[in-house]
file my_file.csv (CSV, C-alpha atoms)
chain,number,residue,atom,x,y,z
S,1,MET,CA,36.9,274.9,-115.2
S,2,LYS,CA,38.3,276.6,-118.3
S,3,LYS,CA,38.4,280.4,-118.3
S,4,ALA,CA,36.5,282.2,-121.0
S,5,ARG,CA,38.8,283.9,-123.5
S,6,LEU,CA,38.6,287.6,-123.1
S,7,THR,CA,38.7,289.1,-126.6
S,8,HIS,CA,37.5,292.7,-126.2
S,9,ILE,CA,39.3,295.7,-124.7
S,10,VAL,CA,37.8,298.8,-123.1
S,11,THR,CA,39.9,301.9,-122.5
S,12,PHE,CA,39.1,305.2,-121.0
S,13,ARG,CA,41.0,308.1,-119.4
S,14,LEU,CA,40.8,309.4,-115.8
S,15,ASP,CA,42.1,312.6,-114.2
S,16,SER,CA,44.6,312.3,-111.3
S,17,GLN,CA,41.9,312.5,-108.6
S,18,GLN,CA,39.8,309.8,-110.3
S,19,TRP,CA,42.9,307.6,-110.7
S,20,GLU,CA,43.7,307.9,-107.0
S,21,GLN,CA,40.1,307.0,-106.1
S,22,LEU,CA,40.3,304.0,-108.4
S,23,GLN,CA,43.6,302.9,-106.9
S,24,ALA,CA,42.2,303.3,-103.4
S,25,ALA,CA,39.0,301.3,-104.2
S,26,SER,CA,40.9,298.5,-105.9
S,27,GLN,CA,43.5,298.3,-103.1
S,28,ALA,CA,40.7,298.1,-100.5
S,29,SER,CA,39.4,295.1,-102.5
S,30,HIS,CA,42.9,293.6,-102.8
S,31,GLN,CA,42.7,293.9,-106.6
S,32,LYS,CA,44.5,295.6,-109.4
S,33,PRO,CA,42.7,298.6,-110.9
S,34,ASN,CA,41.9,296.8,-114.2
S,35,ASP,CA,40.5,293.8,-112.4
S,36,TRP,CA,38.4,295.9,-110.1
S,37,VAL,CA,36.9,297.8,-113.0
S,38,ARG,CA,36.3,294.5,-114.9
S,39,ASP,CA,34.5,293.1,-111.8
S,40,LEU,CA,32.4,296.2,-111.3
S,41,THR,CA,31.4,296.1,-115.0
S,42,THR,CA,30.5,292.4,-115.0
S,43,GLN,CA,28.6,292.8,-111.7
S,44,THR,CA,26.6,295.7,-113.2
S,45,LEU,CA,25.7,293.7,-116.3
S,46,ALA,CA,25.0,290.3,-114.6
S,47,PRO,CA,21.5,290.9,-113.2
S,48,GLY,CA,20.3,292.1,-116.6
S,49,VAL,CA,18.9,295.3,-115.0
S,50,GLY,CA,22.0,297.4,-115.2
S,51,LEU,CA,22.2,298.4,-111.5
S,52,LYS,CA,25.6,299.0,-110.1
S,53,PRO,CA,26.2,297.2,-106.8
S,54,ILE,CA,25.6,300.3,-104.7
S,55,GLU,CA,22.4,301.0,-106.7
S,56,ARG,CA,21.3,297.4,-106.1
S,57,PHE,CA,21.9,297.8,-102.4
S,58,LEU,CA,19.9,301.0,-102.2
S,59,PHE,CA,17.1,299.5,-104.3
S,60,GLU,CA,16.9,296.5,-102.0
S,61,GLN,CA,16.6,298.8,-99.0
S,62,PHE,CA,13.8,300.8,-100.7
S,63,ALA,CA,12.0,297.5,-101.7
S,64,ARG,CA,12.4,296.2,-98.1
S,65,ALA,CA,10.9,299.4,-96.7
S,66,GLN,CA,8.0,299.3,-99.1
S,67,TYR,CA,7.4,295.7,-98.2
S,68,LEU,CA,7.3,296.6,-94.5
S,69,VAL,CA,5.1,299.6,-95.0
S,70,THR,CA,2.6,297.6,-97.1
S,71,GLN,CA,2.5,294.7,-94.6
S,72,GLY,CA,2.3,297.1,-91.6
S,73,PHE,CA,-0.7,298.9,-93.0
S,74,GLN,CA,-2.4,295.6,-93.9
S,75,LEU,CA,-1.9,294.4,-90.4
S,76,LEU,CA,-3.3,297.7,-89.0
S,77,ALA,CA,-6.3,297.5,-91.4
S,78,ASP,CA,-7.0,293.9,-90.3
S,79,ASP,CA,-6.5,294.9,-86.6
S,80,ASN,CA,-3.8,292.2,-86.3
S,81,LEU,CA,-0.8,294.4,-85.6
S,82,THR,CA,1.0,293.0,-82.5
S,83,GLY,CA,4.6,293.3,-81.4
S,84,GLU,CA,5.3,289.7,-82.2
S,85,GLU,CA,3.6,289.8,-85.6
S,86,TRP,CA,5.6,292.9,-86.5
S,87,LYS,CA,8.9,291.3,-85.4
S,88,LYS,CA,8.0,288.3,-87.6
S,89,PHE,CA,7.6,290.6,-90.7
S,90,ARG,CA,10.8,292.5,-89.9
S,91,ALA,CA,12.7,289.2,-89.7
S,92,ILE,CA,11.2,288.0,-93.0
S,93,ALA,CA,12.1,291.3,-94.7
S,94,ASN,CA,15.7,291.1,-93.3
S,95,GLU,CA,16.1,287.5,-94.5
S,96,ARG,CA,14.5,288.0,-97.9
S,97,THR,CA,15.7,291.5,-98.9
S,98,SER,CA,17.2,290.3,-102.2
S,99,LYS,CA,14.1,288.2,-103.1
S,100,ILE,CA,11.8,291.1,-102.3
S,101,ALA,CA,13.9,293.4,-104.6
S,102,ASP,CA,13.8,290.7,-107.3
S,103,GLY,CA,10.0,290.5,-107.0
S,104,ALA,CA,9.7,294.3,-107.3
S,105,LEU,CA,11.9,294.4,-110.4
S,106,ALA,CA,9.9,291.5,-111.9
S,107,MET,CA,6.6,293.3,-111.3
S,108,HIS,CA,8.1,296.5,-112.8
S,109,ALA,CA,9.3,294.6,-115.9
S,110,LYS,CA,5.8,293.0,-116.3
S,111,ARG,CA,4.0,296.3,-116.0
S,112,ASN,CA,6.3,297.7,-118.7
S,113,GLY,CA,6.0,294.8,-121.0
S,114,GLN,CA,9.6,293.6,-120.5
S,115,SER,CA,10.6,290.1,-119.5
S,116,ARG,CA,13.2,289.3,-116.9
call {"tool": "encode", "arguments": {"input": "my_file.csv", "output": "structure tokens"}}
result
Amino acid sequence: MKKARLTHIVTFRLDSQQWEQLQAASQASHQKPNDWVRDLTTQTLAPGVGLKPIERFLFEQFARAQYLVTQGFQLLADDNLTGEEWKKFRAIANERTSKIADGALAMHAKRNGQSR
């Protein structure tokens, strides 16, 4: 597969502490600082929502918790909450965290007249 030609350059300045943090983060990922920043930027832009990877992780956890609270209250309201049923919903939430978050983002976009 042919690599896309990269034609645009982005530059910015960091103080010494920020540079050391960048070096440490990039080394932990076994990357050069420029490559690490480029990957972070492309990951942030890729979903179309503008979430940084850590923000996406946190959003997924909030969406998962909201899913579990909603399902748990519905099971309580229907008087169907059993240990086995709750374990099933927890397993579903763990397996489908990313899909649950995508669904929440899609509903948010729909409510705000945006398309995803």
call {"tool": "atom_distance", "arguments": {"input": "my_file.csv", "atom1": "atom CA of Leu22 of chain S", "atom2": "atom CA of Thr42 of chain S"}}
result
16.6 Å
call {"tool": "closest_atom_pairs", "arguments": {"input": "my_file.csv", "of": "segment 22-113 of chain S", "to": "segment 2-11 of chain S", "cutoff": "12 Å", "atoms": "all atoms listed in the file", "output": "CSV"}}
result
residue,atom,partner,partner_atom,distance
S:Asn34,CA,S:Thr11,CA,9.9
S:Val37,CA,S:Val10,CA,10.2
S:Arg38,CA,S:Val10,CA,9.4
S:Thr41,CA,S:Val10,CA,10.7
call {"tool": "atom_distance", "arguments": {"input": "my_file.csv", "atom1": "atom CA of Ala63 of chain S", "atom2": "atom CA of Ala101 of chain S"}}
result
5.4 Å
call {"tool": "residues_around", "arguments": {"input": "my_file.csv", "residues": "Asn94 of chain S", "least_positions_apart": "3", "cutoff": "12 Å", "atoms": "only C-alpha atoms", "output": "PyMOL selection string"}}
result
chain S and resi 60-61+63-65+67-68+87-91+97-101
call {"tool": "atom_distance", "arguments": {"input": "my_file.csv", "atom1": "atom CA of Ala104 of chain S", "atom2": "atom CA of Asp39 of chain S"}}
result
25.2 Å
call {"tool": "closest_residue", "arguments": {"input": "my_file.csv", "among": "S:Val69, S:Ala25, S:Leu40, S:Ile92", "to": "Pro53 of chain S", "atoms": "only C-alpha atoms"}}
result
S:Leu40
call {"tool": "residues_around", "arguments": {"input": "my_file.csv", "residues": "Gln43 of chain S", "least_positions_apart": "6", "cutoff": "12 Å", "atoms": "only C-alpha atoms", "output": "ChimeraX atom specification"}}
result
/S:35-37,49-56
call {"tool": "closest_residue", "arguments": {"input": "my_file.csv", "among": "S:Pro33, S:Gly72, S:Thr44, S:Asp78", "to": "Glu20 of chain S", "atoms": "all atoms listed in the file"}}
result
S:Pro33
